[in-house]
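Everything below belongs to work_23.txt, which stores compact mmCIF, C-alpha atoms.
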```
# COMPACT_ATOMS: atom_id res chain seq x y z
CA GLY A 1 35.86 145.14 176.01
CA SER A 2 36.59 143.24 179.07
CA GLN A 3 38.30 146.09 180.90
CA ILE A 4 35.18 148.25 180.50
CA LYS A 5 32.93 145.44 181.76
CA VAL A 6 35.17 144.87 184.79
CA MET A 7 35.48 148.55 185.71
CA MET A 8 31.81 149.34 185.16
CA GLY A 9 30.58 146.08 186.66
CA GLY A 10 32.40 146.36 189.98
CA GLY A 11 35.25 143.91 189.37
CA ASN A 12 37.91 143.45 192.01
CA GLN A 13 41.58 144.48 191.75
CA GLN A 14 42.69 141.14 190.25
CA ALA A 15 40.00 141.30 187.58
CA SER A 16 41.08 144.85 186.72
CA LYS A 17 44.72 143.78 186.51
CA VAL A 18 43.87 140.88 184.17
CA SER A 19 41.70 143.07 181.93
CA GLU A 20 44.35 145.76 181.68
CA ARG A 21 47.08 143.22 180.91
CA VAL A 22 44.96 141.71 178.11
CA LEU A 23 44.36 145.17 176.63
CA TYR A 24 48.02 146.23 176.89
CA ASN A 25 49.32 143.00 175.39
CA THR A 26 46.93 143.38 172.47
CA MET A 27 48.12 146.96 171.94
CA GLU A 28 51.79 145.95 172.24
CA GLN A 29 51.42 143.27 169.58
CA GLY A 30 49.09 145.30 167.40
CA ILE A 31 51.65 147.91 166.37
CA PRO A 32 54.19 145.56 164.76
CA PHE A 33 51.40 143.36 163.42
CA LEU A 34 49.53 146.13 161.62
CA ALA A 35 52.68 147.79 160.25
CA LEU A 36 54.14 144.52 158.94
CA MET A 37 50.80 143.28 157.59
CA TRP A 38 50.23 146.48 155.62
CA MET A 39 53.77 146.43 154.21
CA THR A 40 53.47 142.74 153.29
CA ALA A 41 50.13 143.35 151.57
CA ALA A 42 51.49 146.35 149.66
CA CYS A 43 54.89 144.94 148.68
CA VAL A 44 54.74 141.16 148.73
CA ASP A 45 51.36 139.38 148.60
CA ALA A 46 47.99 140.73 149.71
CA SER A 47 46.29 137.33 149.87
CA ILE A 48 48.91 135.87 152.22
CA ALA A 49 48.77 139.02 154.35
CA THR A 50 44.99 138.62 154.52
CA SER A 51 45.19 134.95 155.50
CA CYS A 52 47.80 135.58 158.19
CA GLY A 53 45.79 138.57 159.38
CA LEU A 54 42.69 136.43 159.82
CA MET A 55 44.72 133.82 161.70
CA TYR A 56 46.16 136.57 163.91
CA GLY A 57 42.74 138.07 164.63
CA GLY A 58 41.15 134.73 165.46
CA ALA A 59 43.92 133.77 167.85
CA ARG A 60 44.05 137.25 169.41
CA MET A 61 40.35 137.03 170.30
CA CYS A 62 41.14 133.98 172.45
CA TYR A 63 43.94 135.70 174.37
CA GLY A 64 41.60 137.40 176.85
CA LEU A 65 39.83 134.12 177.52
CA ALA A 66 43.11 132.26 178.09
CA TYR A 67 44.52 134.99 180.35
CA SER A 68 41.29 135.39 182.33
CA TYR A 69 40.68 131.68 182.85
CA TYR A 70 43.83 131.25 184.95
CA GLY A 71 43.87 134.81 186.29
CA GLY A 72 47.28 135.51 184.76
CA PHE A 73 49.79 134.38 182.21
CA SER A 74 49.81 130.62 181.59
CA MET A 75 50.67 128.07 178.92
CA ALA A 76 47.20 128.65 177.50
CA CYS A 77 48.26 132.24 176.76
CA GLU A 78 51.45 130.94 175.17
CA LEU A 79 49.47 128.63 172.88
CA VAL A 80 47.16 131.46 171.90
CA THR A 81 50.00 133.89 171.15
CA MET A 82 52.05 131.44 169.06
CA PRO A 83 49.94 132.05 165.91
CA ASN A 84 50.27 135.79 166.53
CA TYR A 85 54.05 135.65 166.64
CA SER A 86 54.01 133.32 163.64
CA ALA A 87 52.09 135.88 161.58
CA ILE A 88 54.42 138.71 162.61
CA HIS A 89 57.52 136.62 161.85
CA THR A 90 56.10 135.51 158.49
CA PHE A 91 55.54 139.13 157.51
CA ALA A 92 59.03 140.12 158.62
CA ALA A 93 60.67 137.21 156.77
CA ALA A 94 58.68 137.93 153.60
CA LEU A 95 59.67 141.59 153.71
CA VAL A 96 63.36 140.78 154.28
CA PHE A 97 63.28 138.34 151.34
CA PHE A 98 61.56 140.97 149.21
CA GLY A 99 64.11 143.60 150.22
CA LEU A 100 67.04 141.35 149.37
CA THR A 101 65.74 139.85 146.12
CA GLY A 102 62.94 142.12 144.92
CA LYS A 103 60.75 139.00 144.63
CA SER A 104 57.98 137.48 146.70
CA VAL A 105 58.95 134.44 148.73
CA PHE A 106 55.44 133.16 148.12
CA GLU A 107 55.85 133.33 144.34
CA GLN A 108 59.10 131.40 144.69
CA LEU A 109 57.78 128.70 147.04
CA GLY A 110 54.01 128.73 146.45
CA THR A 111 51.05 130.40 148.10
CA SER A 112 49.03 127.52 149.57
CA PHE A 113 48.06 128.63 153.06
CA LEU A 114 47.58 125.02 154.13
CA VAL A 115 51.22 124.35 153.23
CA TRP A 116 52.55 127.55 154.81
CA LEU A 117 50.61 127.34 158.07
CA PRO A 118 52.30 124.22 159.50
CA LEU A 119 55.67 125.31 158.12
CA VAL A 120 55.39 128.73 159.76
CA LEU A 121 54.13 127.38 163.10
CA VAL A 122 56.93 124.81 163.38
CA ALA A 123 59.62 127.25 162.21
CA ASN A 124 58.35 129.87 164.65
CA ALA A 125 58.33 127.46 167.58
CA ILE A 126 61.87 126.31 166.82
CA GLY A 127 63.02 129.87 166.18
CA ILE A 128 61.66 131.14 169.48
CA MET A 129 63.20 128.26 171.42
CA VAL A 130 66.60 128.44 169.73
CA MET A 131 66.98 132.16 169.09
CA TRP A 132 65.15 133.64 172.06
CA GLU A 133 64.58 131.21 174.92
CA TYR A 134 68.09 129.99 175.57
CA PRO A 135 70.45 132.81 174.58
CA THR A 136 68.47 135.75 175.93
CA GLY A 137 65.26 134.60 177.57
CA LYS A 138 66.92 132.26 180.02
CA ALA A 139 69.55 134.84 181.00
CA ALA A 140 66.95 137.59 181.38
CA GLY A 141 64.74 135.34 183.51
CA GLU A 142 67.61 134.32 185.77
CA LEU A 143 68.72 137.95 186.24
CA ASN A 144 65.14 139.01 186.94
CA MET A 145 64.71 136.32 189.58
CA ALA A 146 68.13 137.04 191.12
CA TYR A 147 67.54 140.77 191.52
CA ASN A 148 63.80 140.65 192.25
CA ALA A 149 63.61 137.62 194.49
CA GLN A 150 60.79 137.41 197.00
CA PRO A 151 62.04 137.95 200.55
CA LYS A 152 61.97 134.76 202.61
CA LYS A 153 59.32 134.70 205.30
```
Can the structure from this file be put into structure tokens for me?
Amino acid sequence: GSQIKVMMGGGNQQASKVSERVLYNTMEQGIPFLALMWMTAACVDASIATSCGLMYGGARMCYGLAYSYYGGFSMACELVTMPNYSAIHTFAAALVFFGLTGKSVFEQLGTSFLVWLPLVLVANAIGIMVMWEYPTGKAAGELNMAYNAQPKK
């Protein structure tokens, strides 16, 4: 979509940059999503994979709108991508559990999507903050800013 509309409709350089970033982010997230969803459906639980896949697709459709509205990455993009990461992490956790036990985590704990959705979203938010943001994300951001600082005018 949007990248074709912008390039064919005479969009400026910023509009092209935003459209390309939306496309590339979707492609970057699509590879692990599709691989993990297919493996979860085949090995663990097809109905849960379907539900998470629908959640992923619905949220992913809003990513371009969130990115375009502010002309770049913003907290709106972060809110839109959180369900995407939650689906990917749910698939990965279900596959690890299956690999270790040979059983479905959903058979052990239940398959109600309305129960799993809040649990997964909260666990994902905490997991990203604790496991990514502070140990690695903060250090990577500080190094990036230190070595790529804008020259003072």
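The environment of A:Tyr56 within 12 Å, counting all atoms listed in the file and disregarding residues fewer than 5 places along the same chain, consists of Thr26, Gln29, Gly30, Phe33, Leu34, Met37, Ala49, Thr50, Ser51, Met61, Cys62, Tyr63, Val80, Thr81, Met82, Pro83, Asn84, Tyr85, Ser86, Ala87, Ile88, His89, Thr90, Phe91 and Leu117 of chain A.
Between A:Asn25 and the residues A:Gly58, A:Gly64, A:Gly53, A:Gly99, the shortest atom-to-atom distance, using only C-alpha atoms, involves A:Gly64.
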Practice prompt. Please measure the separation of atom CA of A:Ser47 and atom CA of A:Gly102, giving the value in Å to one decimal.
Written response: 18.0 Å
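Taking atom CA of A:Val18 and atom CA of A:Cys77 as the two end points, the separation is 12.2 Å.
Closest approach to A:Tyr67 from the set A:Leu79, A:Val44, A:Leu114, A:Ala146 is made by A:Leu79, with distances taken over all atoms listed in the file.
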Discussion item. Report, in Å with one decimal, the straight-line distance from atom CA of A:Cys52 to atom CA of A:Ile31.
Written reply: 15.3 Å
Fill in: Polymer residues at most 12 Å from A:Asp45, all atoms listed in the file, same-chain spacing of 2 or more positions, as a PyMOL selection string
chain A and resi 36-43+47-52+90-91+94-95+98+103-108+110-111
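Between A:Arg60 and the candidates A:Val115, A:Leu23, A:Ala139, A:Ala15, the tightest atom-to-atom separation, counting all atoms listed in the file, involves A:Leu23.
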